[in-house]
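Undergrad: One structure is given below, represented as structure tokens, and several questions about it will come after.
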Amino acid sequence: MNFIARSATLLSVLLLVVFSALSARADELQDIDRLLKQGQHAQALERVNQYLSQKPKDAKGRFIKGLILAEQNKGREAIEVFTALSRDYPELPEPYNNLAVLYAAQGQYEKARQQLEMSIRTHPSYATAYENLGDVYTKLASQAYDKALQFDSSNSAAKNKLSLIHDLMSSNRLPPASSAPLETSTEATRPSAARAAPVKSAETKPAEGQAKSGAPKPAEKRARAQDGTAEQVLQTVLAWAGAWSGQRVETYLAFYAQDFKTPKGEARSEWEAARKQRISSRKKIEVAVESPKVTLKDQNNAAVSFRQTYRSDSLNIKSSKTLIMVRSEGRWFIQQERAGG
């Protein structure tokens with residue numbers, strides 16, 4: 001057998017090994033998903049944990065684990081799984097949607113709203129997220145009318161609106177989760193951007209004066225790249241606020257860069273210890289990011305200015321804040337926090 005023939009045989013064997021591994025991976029996840037659907041949650045969790053011990057970053061396996069935990073009514077653990085998944089794969093809409101479902105089940109409708117808006121930003125044609133967002137707004141409206149009646153029990157308009165909302169809610173369940181496992185590519189762990197085709201936007205149409213070949217001009221390519229980068233920066237900031245609100249201290253601290261400039265110049269360890277104590281000591285925390293503005297300096301440096309609303313059991317503060325962001329290994333981190341715009 002000559003060298004070329006031996007090489008071709010070796011290549012065929014290698015391809016067979018690769019495809020066999022991919023097929024085994026798909027079969028394993030299908031078996032786990034089948035156990036989940038059959039209600040065998042303990043067995044499914046054991047199997048998916050074994051799977052993830054070999055492929056800890058696999059998006060589809062992590063997604064299924066989140067579903068299993070949710071089915072076992074382990075809401076806090078499921079939230080941690082979907083939060084980490086949305087942080088590692090911010091282009092996927094399903095983890096945001098399922099976070100919203102979990103928050104809504106806990107009565108945390110404002111957090112649910114934020115997650116659903118993130119899901120829609122990621123995938124503008126994700127119908128499930130729109131439906132769930134409508135249900136969440138309905139719940140928020142119900143709470144607002146209840147509050148209005150607490151202050152003015154004779155408010156007939158609020159009573160009528162509240163009655164209509166209760167009628168609407170009695171015919172709806174809030175809200176459906178995305179239970180279909182994520183579609184992943186053959187590149188081991190990298191999931192596809194979305195399962196459904198996105199709606200056509202102005203970005204997909206030829207710009208005025210563009211050649212009929214459809215090739216975008218260099219300036220248009222740069223503009224699109226900047227839009228995508230700014231969206232990634234904003235998603236990071238919203239995920240940071242979500243971790244803070246959920247009092248997930250380790251996740252919250254992971255958003256800060258290794259060279260983060262502490263506010264008073266103290267050692268990083270001292271600053272982290274103080275943040276852990278302050279966040280964990282609160283009974284509840286709600287952090288909202290309002291009117292954010294992303295300014296890109298280059299591909300790896302940005303600034304985000306916004307109005308921050310912070311509520312806890314003892315404080316209610318609104319302030320302006322600017323986060324100085326840096327990108328490292330494909331992820332955005334907070335390098336500095338500044339008061340004011």
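In the structure tokens, chains take letters A, B, ... by order of appearance, with residues numbered from 1 within each chain and ligands from 1 in the order shown.
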Considering only C-alpha atoms, return as a PyMOL selection string whatever protein or nucleic-acid residues lie within 8 Å of Asp313 in chain A, sequence-local ones (same chain, fewer than 3 positions apart) excluded.
TA: chain A and resi 282-285
Undergrad: I'd like the neighbourhood of range 95-101 of chain A as a CSV table (one decimal) with all heavy atoms, in the first residue's frame, where a residue qualifies if any of its atoms comes within 10 Å (using only C-alpha atoms), though same-chain residues fewer than 3 positions away should be ignored.
TA:
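This is the output file selection06.csv:
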```csv
chain,number,residue,atom,x,y,z
A,63,PHE,N,-28.3,22.6,29.4
A,63,PHE,CA,-29.7,23.0,29.3
A,63,PHE,C,-30.7,21.9,29.8
A,63,PHE,O,-31.6,22.2,30.6
A,63,PHE,CB,-30.0,23.2,27.8
A,63,PHE,CG,-31.4,23.8,27.5
A,63,PHE,CD1,-31.7,25.2,27.7
A,63,PHE,CD2,-32.5,23.0,27.2
A,63,PHE,CE1,-32.9,25.7,27.4
A,63,PHE,CE2,-33.7,23.5,26.9
A,63,PHE,CZ,-33.9,24.9,27.1
A,66,GLY,N,-30.7,21.9,33.5
A,66,GLY,CA,-31.6,22.9,34.1
A,66,GLY,C,-33.0,22.5,34.0
A,66,GLY,O,-33.8,22.7,35.0
A,67,LEU,N,-33.4,21.8,33.0
A,67,LEU,CA,-34.8,21.3,32.9
A,67,LEU,C,-35.1,20.3,34.0
A,67,LEU,O,-36.2,20.3,34.6
A,67,LEU,CB,-35.1,20.7,31.5
A,67,LEU,CG,-35.1,21.7,30.3
A,67,LEU,CD1,-35.2,20.9,29.0
A,67,LEU,CD2,-36.1,22.8,30.4
A,70,ALA,N,-35.5,21.9,37.3
A,70,ALA,CA,-36.8,22.6,37.4
A,70,ALA,C,-37.9,21.7,37.6
A,70,ALA,O,-38.8,21.9,38.4
A,70,ALA,CB,-37.0,23.4,36.1
A,75,GLY,N,-35.7,25.1,42.2
A,75,GLY,CA,-35.7,26.4,41.4
A,75,GLY,C,-34.4,27.1,41.5
A,75,GLY,O,-33.9,27.6,40.5
A,78,ALA,N,-31.7,25.4,39.4
A,78,ALA,CA,-32.1,25.5,38.0
A,78,ALA,C,-31.7,26.9,37.5
A,78,ALA,O,-31.2,27.1,36.4
A,78,ALA,CB,-33.5,25.2,37.7
A,79,ILE,N,-32.0,27.9,38.3
A,79,ILE,CA,-31.7,29.3,38.0
A,79,ILE,C,-30.2,29.5,37.8
A,79,ILE,O,-29.7,30.2,36.9
A,79,ILE,CB,-32.2,30.3,39.1
A,79,ILE,CG1,-33.7,30.4,38.9
A,79,ILE,CG2,-31.6,31.7,39.0
A,79,ILE,CD1,-34.4,31.2,40.0
A,80,GLU,N,-29.4,28.8,38.7
A,80,GLU,CA,-27.9,28.9,38.6
A,80,GLU,C,-27.5,28.3,37.2
A,80,GLU,O,-26.6,28.9,36.6
A,80,GLU,CB,-27.3,28.2,39.7
A,80,GLU,CG,-27.4,28.9,41.1
A,80,GLU,CD,-26.8,28.2,42.2
A,80,GLU,OE1,-26.4,27.0,42.0
A,80,GLU,OE2,-26.9,28.7,43.4
A,81,VAL,N,-28.0,27.2,36.8
A,81,VAL,CA,-27.6,26.5,35.6
A,81,VAL,C,-28.0,27.4,34.4
A,81,VAL,O,-27.1,27.7,33.5
A,81,VAL,CB,-28.3,25.2,35.5
A,81,VAL,CG1,-28.1,24.6,34.1
A,81,VAL,CG2,-27.8,24.2,36.5
A,82,PHE,N,-29.2,27.9,34.3
A,82,PHE,CA,-29.6,28.7,33.2
A,82,PHE,C,-28.9,30.1,33.2
A,82,PHE,O,-28.6,30.6,32.1
A,82,PHE,CB,-31.1,28.9,33.2
A,82,PHE,CG,-31.9,27.7,32.8
A,82,PHE,CD1,-32.9,27.2,33.6
A,82,PHE,CD2,-31.6,27.1,31.6
A,82,PHE,CE1,-33.6,26.0,33.3
A,82,PHE,CE2,-32.3,25.9,31.2
A,82,PHE,CZ,-33.3,25.4,32.1
A,83,THR,N,-28.6,30.6,34.3
A,83,THR,CA,-27.8,31.9,34.4
A,83,THR,C,-26.4,31.7,33.8
A,83,THR,O,-26.0,32.5,33.0
A,83,THR,CB,-27.8,32.4,35.8
A,83,THR,OG1,-29.1,32.7,36.3
A,83,THR,CG2,-27.0,33.7,35.9
A,84,ALA,N,-25.8,30.7,34.2
A,84,ALA,CA,-24.4,30.4,33.7
A,84,ALA,C,-24.5,30.1,32.2
A,84,ALA,O,-23.6,30.6,31.5
A,84,ALA,CB,-23.8,29.2,34.5
A,85,LEU,N,-25.5,29.4,31.8
A,85,LEU,CA,-25.6,29.1,30.3
A,85,LEU,C,-25.8,30.4,29.5
A,85,LEU,O,-25.2,30.6,28.5
A,85,LEU,CB,-26.8,28.1,30.1
A,85,LEU,CG,-26.9,27.5,28.8
A,85,LEU,CD1,-25.7,26.7,28.4
A,85,LEU,CD2,-28.1,26.5,28.8
A,86,SER,N,-26.7,31.3,30.0
A,86,SER,CA,-26.9,32.5,29.3
A,86,SER,C,-25.7,33.4,29.3
A,86,SER,O,-25.5,34.2,28.4
A,86,SER,CB,-28.1,33.3,29.9
A,86,SER,OG,-27.8,33.7,31.2
A,87,ARG,N,-24.9,33.3,30.4
A,87,ARG,CA,-23.6,34.1,30.4
A,87,ARG,C,-22.6,33.5,29.4
A,87,ARG,O,-21.9,34.3,28.7
A,87,ARG,CB,-23.1,34.1,31.8
A,87,ARG,CG,-21.8,34.9,32.0
A,87,ARG,CD,-21.3,34.9,33.4
A,87,ARG,NE,-20.8,33.6,33.8
A,87,ARG,CZ,-21.4,32.8,34.7
A,87,ARG,NH1,-22.4,33.2,35.3
A,87,ARG,NH2,-20.8,31.6,35.0
A,89,TYR,N,-23.3,31.6,26.7
A,89,TYR,CA,-23.8,31.6,25.4
A,89,TYR,C,-24.9,32.7,25.3
A,89,TYR,O,-26.1,32.4,25.2
A,89,TYR,CB,-24.4,30.2,25.0
A,89,TYR,CG,-23.4,29.1,25.0
A,89,TYR,CD1,-23.3,28.2,26.1
A,89,TYR,CD2,-22.4,29.0,24.0
A,89,TYR,CE1,-22.4,27.2,26.1
A,89,TYR,CE2,-21.5,28.0,24.0
A,89,TYR,CZ,-21.4,27.1,25.0
A,89,TYR,OH,-20.5,26.2,25.1
A,90,PRO,N,-24.6,33.9,25.3
A,90,PRO,CA,-25.6,35.0,25.4
A,90,PRO,C,-26.4,35.2,24.1
A,90,PRO,O,-27.4,35.9,24.1
A,90,PRO,CB,-24.7,36.3,25.6
A,90,PRO,CG,-23.4,35.9,25.0
A,90,PRO,CD,-23.2,34.5,25.3
A,91,GLU,N,-26.1,34.4,23.1
A,91,GLU,CA,-26.8,34.5,21.8
A,91,GLU,C,-28.0,33.6,21.8
A,91,GLU,O,-28.9,33.7,20.9
A,91,GLU,CB,-26.0,34.2,20.6
A,91,GLU,CG,-25.6,32.8,20.4
A,91,GLU,CD,-24.4,32.4,21.3
A,91,GLU,OE1,-24.0,33.0,22.2
A,91,GLU,OE2,-23.7,31.3,20.9
A,92,LEU,N,-28.2,32.7,22.8
A,92,LEU,CA,-29.3,31.8,22.9
A,92,LEU,C,-30.5,32.4,23.6
A,92,LEU,O,-30.3,32.9,24.7
A,92,LEU,CB,-28.9,30.5,23.6
A,92,LEU,CG,-27.9,29.6,22.8
A,92,LEU,CD1,-27.4,28.5,23.7
A,92,LEU,CD2,-28.5,29.0,21.6
A,104,ALA,N,-40.9,33.9,37.5
A,104,ALA,CA,-42.3,34.1,37.5
A,104,ALA,C,-42.9,33.1,38.5
A,104,ALA,O,-43.9,33.5,39.3
A,104,ALA,CB,-42.9,33.9,36.2
A,105,ALA,N,-42.4,31.9,38.6
A,105,ALA,CA,-43.0,30.9,39.5
A,105,ALA,C,-42.7,31.3,40.9
A,105,ALA,O,-43.5,31.0,41.9
A,105,ALA,CB,-42.3,29.5,39.3
A,106,GLN,N,-41.7,32.2,41.2
A,106,GLN,CA,-41.4,32.7,42.5
A,106,GLN,C,-42.1,34.0,42.8
A,106,GLN,O,-41.9,34.6,43.8
A,106,GLN,CB,-39.9,32.8,42.6
A,106,GLN,CG,-39.1,31.6,42.5
A,106,GLN,CD,-37.6,31.8,42.6
A,106,GLN,OE1,-37.1,32.9,42.5
A,106,GLN,NE2,-36.8,30.7,42.6
A,107,GLY,N,-42.8,34.5,41.8
A,107,GLY,CA,-43.5,35.8,41.9
A,107,GLY,C,-42.6,37.0,41.7
A,107,GLY,O,-43.0,38.1,41.9
A,108,GLN,N,-41.4,36.7,41.1
A,108,GLN,CA,-40.5,37.8,40.8
A,108,GLN,C,-40.6,38.2,39.4
A,108,GLN,O,-39.8,38.0,38.5
A,108,GLN,CB,-39.0,37.3,41.1
A,108,GLN,CG,-38.8,36.9,42.5
A,108,GLN,CD,-37.3,36.6,42.8
A,108,GLN,OE1,-36.4,37.4,42.7
A,108,GLN,NE2,-37.0,35.3,43.0
A,109,TYR,N,-41.7,39.0,39.1
A,109,TYR,CA,-42.1,39.3,37.8
A,109,TYR,C,-41.2,40.3,37.1
A,109,TYR,O,-41.1,40.3,35.9
A,109,TYR,CB,-43.6,39.7,37.8
A,109,TYR,CG,-44.5,38.6,38.2
A,109,TYR,CD1,-45.3,38.8,39.4
A,109,TYR,CD2,-44.6,37.4,37.5
A,109,TYR,CE1,-46.1,37.8,39.9
A,109,TYR,CE2,-45.5,36.4,38.0
A,109,TYR,CZ,-46.2,36.6,39.2
A,109,TYR,OH,-47.0,35.6,39.6
A,110,GLU,N,-40.7,41.2,37.9
A,110,GLU,CA,-39.8,42.2,37.3
A,110,GLU,C,-38.5,41.5,36.8
A,110,GLU,O,-38.0,41.8,35.7
A,110,GLU,CB,-39.4,43.3,38.4
A,110,GLU,CG,-38.5,44.4,37.8
A,110,GLU,CD,-39.1,45.1,36.7
A,110,GLU,OE1,-40.4,45.3,36.6
A,110,GLU,OE2,-38.4,45.6,35.8
A,111,LYS,N,-38.0,40.6,37.5
A,111,LYS,CA,-36.8,39.8,37.0
A,111,LYS,C,-37.2,39.0,35.8
A,111,LYS,O,-36.4,38.9,34.8
A,111,LYS,CB,-36.3,38.9,38.1
A,111,LYS,CG,-35.6,39.6,39.2
A,111,LYS,CD,-35.0,38.5,40.2
A,111,LYS,CE,-34.3,39.2,41.4
A,111,LYS,NZ,-33.7,38.2,42.3
A,112,ALA,N,-38.4,38.4,35.8
A,112,ALA,CA,-38.9,37.7,34.7
A,112,ALA,C,-39.0,38.6,33.4
A,112,ALA,O,-38.6,38.2,32.3
A,112,ALA,CB,-40.3,37.1,35.0
A,113,ARG,N,-39.5,39.8,33.6
A,113,ARG,CA,-39.6,40.7,32.5
A,113,ARG,C,-38.2,41.0,31.9
A,113,ARG,O,-38.0,41.0,30.7
A,113,ARG,CB,-40.2,42.0,33.0
A,113,ARG,CG,-40.3,43.1,31.9
A,113,ARG,CD,-40.7,44.4,32.4
A,113,ARG,NE,-39.7,45.0,33.3
A,113,ARG,CZ,-38.6,45.6,32.8
A,113,ARG,NH1,-38.3,45.7,31.6
A,113,ARG,NH2,-37.7,46.1,33.7
A,114,GLN,N,-37.2,41.3,32.7
A,114,GLN,CA,-35.9,41.6,32.2
A,114,GLN,C,-35.3,40.4,31.4
A,114,GLN,O,-34.7,40.6,30.3
A,114,GLN,CB,-35.0,41.9,33.4
A,114,GLN,CG,-35.3,43.2,34.1
A,114,GLN,CD,-34.4,43.4,35.3
A,114,GLN,OE1,-33.5,42.6,35.6
A,114,GLN,NE2,-34.6,44.5,36.0
A,115,GLN,N,-35.5,39.2,31.9
A,115,GLN,CA,-35.0,38.0,31.2
A,115,GLN,C,-35.7,37.8,29.8
A,115,GLN,O,-35.1,37.5,28.8
A,115,GLN,CB,-35.2,36.7,32.0
A,115,GLN,CG,-34.3,36.7,33.3
A,115,GLN,CD,-32.8,36.8,33.0
A,115,GLN,OE1,-32.3,36.3,32.1
A,115,GLN,NE2,-32.1,37.5,33.9
A,116,LEU,N,-37.0,38.0,29.8
A,116,LEU,CA,-37.7,37.9,28.5
A,116,LEU,C,-37.3,38.9,27.5
A,116,LEU,O,-37.2,38.7,26.3
A,116,LEU,CB,-39.2,37.9,28.8
A,116,LEU,CG,-39.8,36.7,29.5
A,116,LEU,CD1,-41.2,36.9,30.0
A,116,LEU,CD2,-39.8,35.5,28.6
A,117,GLU,N,-37.1,40.1,28.0
A,117,GLU,CA,-36.6,41.2,27.1
A,117,GLU,C,-35.2,40.8,26.5
A,117,GLU,O,-34.9,41.1,25.3
A,117,GLU,CB,-36.6,42.5,27.8
A,117,GLU,CG,-38.0,43.1,28.0
A,117,GLU,CD,-38.1,44.4,28.7
A,117,GLU,OE1,-37.0,44.9,29.1
A,117,GLU,OE2,-39.2,45.0,28.8
A,118,MET,N,-34.4,40.2,27.3
A,118,MET,CA,-33.1,39.7,26.9
A,118,MET,C,-33.3,38.7,25.8
A,118,MET,O,-32.6,38.6,24.8
A,118,MET,CB,-32.3,39.2,28.0
A,118,MET,CG,-31.7,40.2,28.9
A,118,MET,SD,-30.5,41.2,28.1
A,118,MET,CE,-29.3,40.0,27.6
A,119,SER,N,-34.2,37.7,26.0
A,119,SER,CA,-34.5,36.7,25.1
A,119,SER,C,-34.9,37.2,23.7
A,119,SER,O,-34.5,36.8,22.7
A,119,SER,CB,-35.6,35.8,25.6
A,119,SER,OG,-35.9,34.7,24.8
A,120,ILE,N,-35.8,38.3,23.8
A,120,ILE,CA,-36.3,38.9,22.5
A,120,ILE,C,-35.2,39.6,21.8
A,120,ILE,O,-35.1,39.6,20.6
A,120,ILE,CB,-37.5,39.7,22.9
A,120,ILE,CG1,-38.7,38.8,23.2
A,120,ILE,CG2,-37.9,40.6,21.7
A,120,ILE,CD1,-39.9,39.6,23.9
A,122,THR,N,-32.1,38.9,21.8
A,122,THR,CA,-31.3,37.9,21.3
A,122,THR,C,-31.9,37.3,20.0
A,122,THR,O,-31.2,37.0,19.0
A,122,THR,CB,-31.0,36.7,22.3
A,122,THR,OG1,-30.4,37.3,23.5
A,122,THR,CG2,-30.1,35.7,21.8
A,126,TYR,N,-38.7,35.1,18.5
A,126,TYR,CA,-39.0,34.0,19.4
A,126,TYR,C,-40.4,34.2,20.0
A,126,TYR,O,-40.6,34.9,21.0
A,126,TYR,CB,-37.9,34.0,20.5
A,126,TYR,CG,-37.9,32.8,21.4
A,126,TYR,CD1,-38.5,31.6,21.0
A,126,TYR,CD2,-37.3,32.9,22.7
A,126,TYR,CE1,-38.4,30.5,21.9
A,126,TYR,CE2,-37.3,31.8,23.5
A,126,TYR,CZ,-37.8,30.6,23.1
A,126,TYR,OH,-37.8,29.5,23.9
A,128,THR,N,-42.5,32.4,21.7
A,128,THR,CA,-42.8,32.0,23.1
A,128,THR,C,-42.4,33.1,24.1
A,128,THR,O,-43.2,33.3,25.1
A,128,THR,CB,-42.0,30.7,23.5
A,128,THR,OG1,-42.4,29.6,22.6
A,128,THR,CG2,-42.2,30.3,24.9
A,129,ALA,N,-41.3,33.8,23.9
A,129,ALA,CA,-40.9,34.8,24.8
A,129,ALA,C,-41.9,36.0,24.7
A,129,ALA,O,-42.2,36.6,25.7
A,129,ALA,CB,-39.5,35.3,24.4
A,130,TYR,N,-42.4,36.3,23.5
A,130,TYR,CA,-43.4,37.4,23.4
A,130,TYR,C,-44.6,37.0,24.2
A,130,TYR,O,-45.2,37.9,24.9
A,130,TYR,CB,-43.7,37.6,22.0
A,130,TYR,CG,-42.7,38.5,21.2
A,130,TYR,CD1,-41.9,37.9,20.3
A,130,TYR,CD2,-42.6,39.8,21.4
A,130,TYR,CE1,-40.9,38.6,19.6
A,130,TYR,CE2,-41.7,40.6,20.7
A,130,TYR,CZ,-40.8,40.0,19.8
A,130,TYR,OH,-39.9,40.7,19.1
A,132,ASN,N,-44.9,34.9,26.7
A,132,ASN,CA,-44.6,35.0,28.2
A,132,ASN,C,-44.5,36.4,28.7
A,132,ASN,O,-44.9,36.7,29.8
A,132,ASN,CB,-43.3,34.2,28.4
A,132,ASN,CG,-43.5,32.7,28.3
A,132,ASN,OD1,-44.6,32.2,28.2
A,132,ASN,ND2,-42.4,32.0,28.2
A,133,LEU,N,-43.9,37.3,27.8
A,133,LEU,CA,-43.8,38.7,28.3
A,133,LEU,C,-45.2,39.3,28.5
A,133,LEU,O,-45.4,40.1,29.4
A,133,LEU,CB,-43.0,39.5,27.2
A,133,LEU,CG,-42.7,40.9,27.6
A,133,LEU,CD1,-41.8,41.0,28.8
A,133,LEU,CD2,-41.9,41.6,26.4
A,136,VAL,N,-46.4,38.1,31.8
A,136,VAL,CA,-45.7,38.8,32.9
A,136,VAL,C,-46.2,40.2,33.0
A,136,VAL,O,-46.4,40.7,34.2
A,136,VAL,CB,-44.2,38.8,32.6
A,136,VAL,CG1,-43.5,39.7,33.6
A,136,VAL,CG2,-43.7,37.4,32.8
A,174,LEU,N,-49.2,30.8,33.3
A,174,LEU,CA,-48.0,31.6,33.2
A,174,LEU,C,-46.8,30.8,33.7
A,174,LEU,O,-46.8,30.3,34.8
A,174,LEU,CB,-48.1,32.8,34.1
A,174,LEU,CG,-46.9,33.7,34.2
A,174,LEU,CD1,-46.9,34.6,33.0
A,174,LEU,CD2,-46.9,34.5,35.4
A,175,PRO,N,-45.8,30.9,32.8
A,175,PRO,CA,-45.8,30.9,31.4
A,175,PRO,C,-45.1,29.7,30.9
A,175,PRO,O,-44.5,29.0,31.7
A,175,PRO,CB,-45.0,32.2,31.1
A,175,PRO,CG,-44.1,32.4,32.3
A,175,PRO,CD,-44.7,31.5,33.4
A,176,PRO,N,-45.2,29.3,29.6
A,176,PRO,CA,-44.5,28.0,29.2
A,176,PRO,C,-43.0,28.1,29.1
A,176,PRO,O,-42.5,29.2,28.7
A,176,PRO,CB,-45.1,27.8,27.8
A,176,PRO,CG,-45.5,29.1,27.3
A,176,PRO,CD,-45.9,29.9,28.5
A,177,ALA,N,-42.4,27.1,29.6
A,177,ALA,CA,-40.9,27.1,29.4
A,177,ALA,C,-40.5,26.5,28.1
A,177,ALA,O,-41.3,25.8,27.4
A,177,ALA,CB,-40.3,26.2,30.6
A,178,SER,N,-39.3,26.7,27.7
A,178,SER,CA,-38.8,26.0,26.5
A,178,SER,C,-38.2,24.7,27.0
A,178,SER,O,-37.2,24.7,27.7
A,178,SER,CB,-37.7,26.9,25.9
A,178,SER,OG,-37.1,26.2,24.8
A,179,SER,N,-38.8,23.6,26.6
A,179,SER,CA,-38.4,22.3,27.1
A,179,SER,C,-37.6,21.5,26.0
A,179,SER,O,-37.0,20.5,26.3
A,179,SER,CB,-39.6,21.5,27.5
A,179,SER,OG,-40.5,21.3,26.5
A,182,LEU,N,-31.6,22.3,23.3
A,182,LEU,CA,-30.9,23.2,22.3
A,182,LEU,C,-30.4,22.4,21.2
A,182,LEU,O,-29.8,21.3,21.3
A,182,LEU,CB,-29.8,24.0,23.0
A,182,LEU,CG,-30.2,24.8,24.2
A,182,LEU,CD1,-28.9,25.4,24.8
A,182,LEU,CD2,-31.1,26.0,23.7
A,239,ALA,N,-26.8,40.8,32.7
A,239,ALA,CA,-26.6,39.6,33.4
A,239,ALA,C,-25.9,39.8,34.7
A,239,ALA,O,-26.2,39.2,35.7
A,239,ALA,CB,-25.7,38.6,32.5
```
Undergrad: Using only C-alpha atoms, which of A:Val233, A:Ala241, A:Ala254, A:Ala288 sits nearest Asn300 in chain A?
TA: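 Ranking A:Val233, A:Ala241, A:Ala254, A:Ala288 by distance to Asn300 in chain A, first place goes to A:Val233.
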Undergrad: Between CA of Gln30 in chain A and CA of Gln72 in chain A, what distance in Å does the model show, to one decimal?
TA: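 Going from CA of Gln30 in chain A over to CA of Gln72 in chain A covers 19.3 Å.
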Undergrad: Would you pick out the contacts of Leu52 in chain A at 12 Å or less, using only C-alpha atoms, so that residues sharing its chain but fewer than 4 positions from it are not included, and give the list as a list in words?
TA: Arg25, Glu28, Leu29, Ile32, Leu45, Glu46, Arg47, Val48, Pro56, Lys57, Asp58, Ala59, Lys60, Gly61, Arg62, Phe63, Ile64, Lys65 and Thr189 of chain A
Undergrad: Restricting the calculation to only C-alpha atoms, which member of A:Gln258, A:Gln277, A:Thr138, A:Gln54 is positioned closest to Gln335 in chain A?
TA: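 The shortest atom-to-atom distance to Gln335 in chain A comes from A:Gln258.
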Undergrad: Please list as a PyMOL selection string every residue within 9 Å of Val294 in chain A, counting only C-alpha atoms and excluding residues in the same chain fewer than 2 positions away.
TA: chain A and resi 230-231+233-234+292+296+302-306
Undergrad: My list of candidates is A:Ala339, A:Glu131, A:His41, A:Val287. Which is closest to Trp240 in chain A when distances are computed with only C-alpha atoms?
TA: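 Smallest distance to Trp240 in chain A is found for A:Val287.
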Undergrad: Residues at most 10 Å from Asn301 in chain A, counting only C-alpha atoms, excluding those fewer than 4 positions away in the same chain, as number ranges by chain?
TA: A: 233, 295-297, 324-328, 332-333, 335
Undergrad: Can I get the selected residues back with N, CA, C and O atoms, as a short mmCIF file (atom, residue, chain, number, x, y, z; two decimals), in the first residue's frame?
TA:
```cif
data_model
loop_
_atom_site.label_atom_id
_atom_site.label_comp_id
_atom_site.auth_asym_id
_atom_site.auth_seq_id
_atom_site.Cartn_x
_atom_site.Cartn_y
_atom_site.Cartn_z
N VAL A 233 -21.97 43.65 25.03
CA VAL A 233 -21.61 44.41 26.22
C VAL A 233 -22.85 44.63 27.09
O VAL A 233 -22.83 44.43 28.31
N THR A 295 -20.78 52.81 24.77
CA THR A 295 -19.80 53.53 23.96
C THR A 295 -18.61 52.60 23.73
O THR A 295 -17.93 52.20 24.68
N LEU A 296 -18.38 52.23 22.47
CA LEU A 296 -17.27 51.35 22.13
C LEU A 296 -16.02 52.17 21.81
O LEU A 296 -16.06 53.05 20.95
N LYS A 297 -14.94 51.86 22.51
CA LYS A 297 -13.67 52.52 22.21
C LYS A 297 -12.92 51.74 21.12
O LYS A 297 -12.33 52.33 20.23
N ILE A 324 -16.71 50.60 33.14
CA ILE A 324 -15.66 50.48 32.15
C ILE A 324 -15.44 49.00 31.89
O ILE A 324 -15.15 48.24 32.82
N MET A 325 -15.63 48.58 30.64
CA MET A 325 -15.63 47.16 30.30
C MET A 325 -14.43 46.79 29.43
O MET A 325 -14.00 47.58 28.58
N VAL A 326 -13.91 45.59 29.64
CA VAL A 326 -12.83 45.06 28.80
C VAL A 326 -13.20 43.65 28.38
O VAL A 326 -13.92 42.93 29.09
N ARG A 327 -12.71 43.27 27.20
CA ARG A 327 -12.98 41.91 26.71
C ARG A 327 -11.72 41.07 26.83
O ARG A 327 -10.64 41.50 26.44
N SER A 328 -11.90 39.87 27.35
CA SER A 328 -10.79 38.94 27.50
C SER A 328 -11.28 37.54 27.16
O SER A 328 -12.32 37.11 27.70
N TRP A 332 -16.81 39.72 28.11
CA TRP A 332 -16.69 41.07 28.63
C TRP A 332 -16.68 41.05 30.16
O TRP A 332 -17.44 40.30 30.77
N PHE A 333 -15.83 41.89 30.74
CA PHE A 333 -15.71 41.98 32.19
C PHE A 333 -15.71 43.45 32.62
O PHE A 333 -15.37 44.34 31.82
N GLN A 335 -14.04 46.38 34.44
CA GLN A 335 -12.70 46.76 34.91
C GLN A 335 -12.74 47.88 35.94
O GLN A 335 -11.88 47.97 36.81
#
```
Undergrad: Among range 239-329 of chain A, which residues carry a DSSP assignment of helix (DSSP H, G or I), reported as a list in words?
TA: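 These are the residues in question: Ala239, Trp240, Ala241, Gly242, Ala243, Trp244, Ser245, Val249, Glu250, Thr251, Tyr252, Leu253, Arg268, Ser269, Glu270, Trp271, Glu272, Ala273, Ala274, Arg275, Lys276, Gln277, Arg278, Ile279 and Ser280 of chain A.
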Undergrad: Do you have the CA of Ser269 in chain A-CA of Thr322 in chain A distance handy?
TA: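 Computing it gives 22.7 Å between the two atoms.
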Undergrad: Which polymer residues have any atom within 10 Å of an atom of Tyr252 in chain A, counting only C-alpha atoms, with same-chain residues fewer than 5 positions away left out, as a list of chain:residue names?
TA: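 After dropping sequence-adjacent residues, the list is A:Ala239, A:Trp240, A:Ala241, A:Gly242, A:Ala243, A:Trp244, A:Ser245, A:Gly246, A:Gln247, A:Arg275, A:Lys276, A:Ile279.
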Undergrad: Work out how far CA of Ala42 in chain A is from CA of Ile68 in chain A, in Å to one decimal.
TA: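 Distance between the two atoms: 8.5 Å.
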Undergrad: Hey, which of A:Ser320, A:Ser125, A:Gln150, A:Gln336 ends up closest to Ala257 in chain A? Count only C-alpha atoms.
TA: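 Closest residue, counting only C-alpha atoms: A:Gln336.
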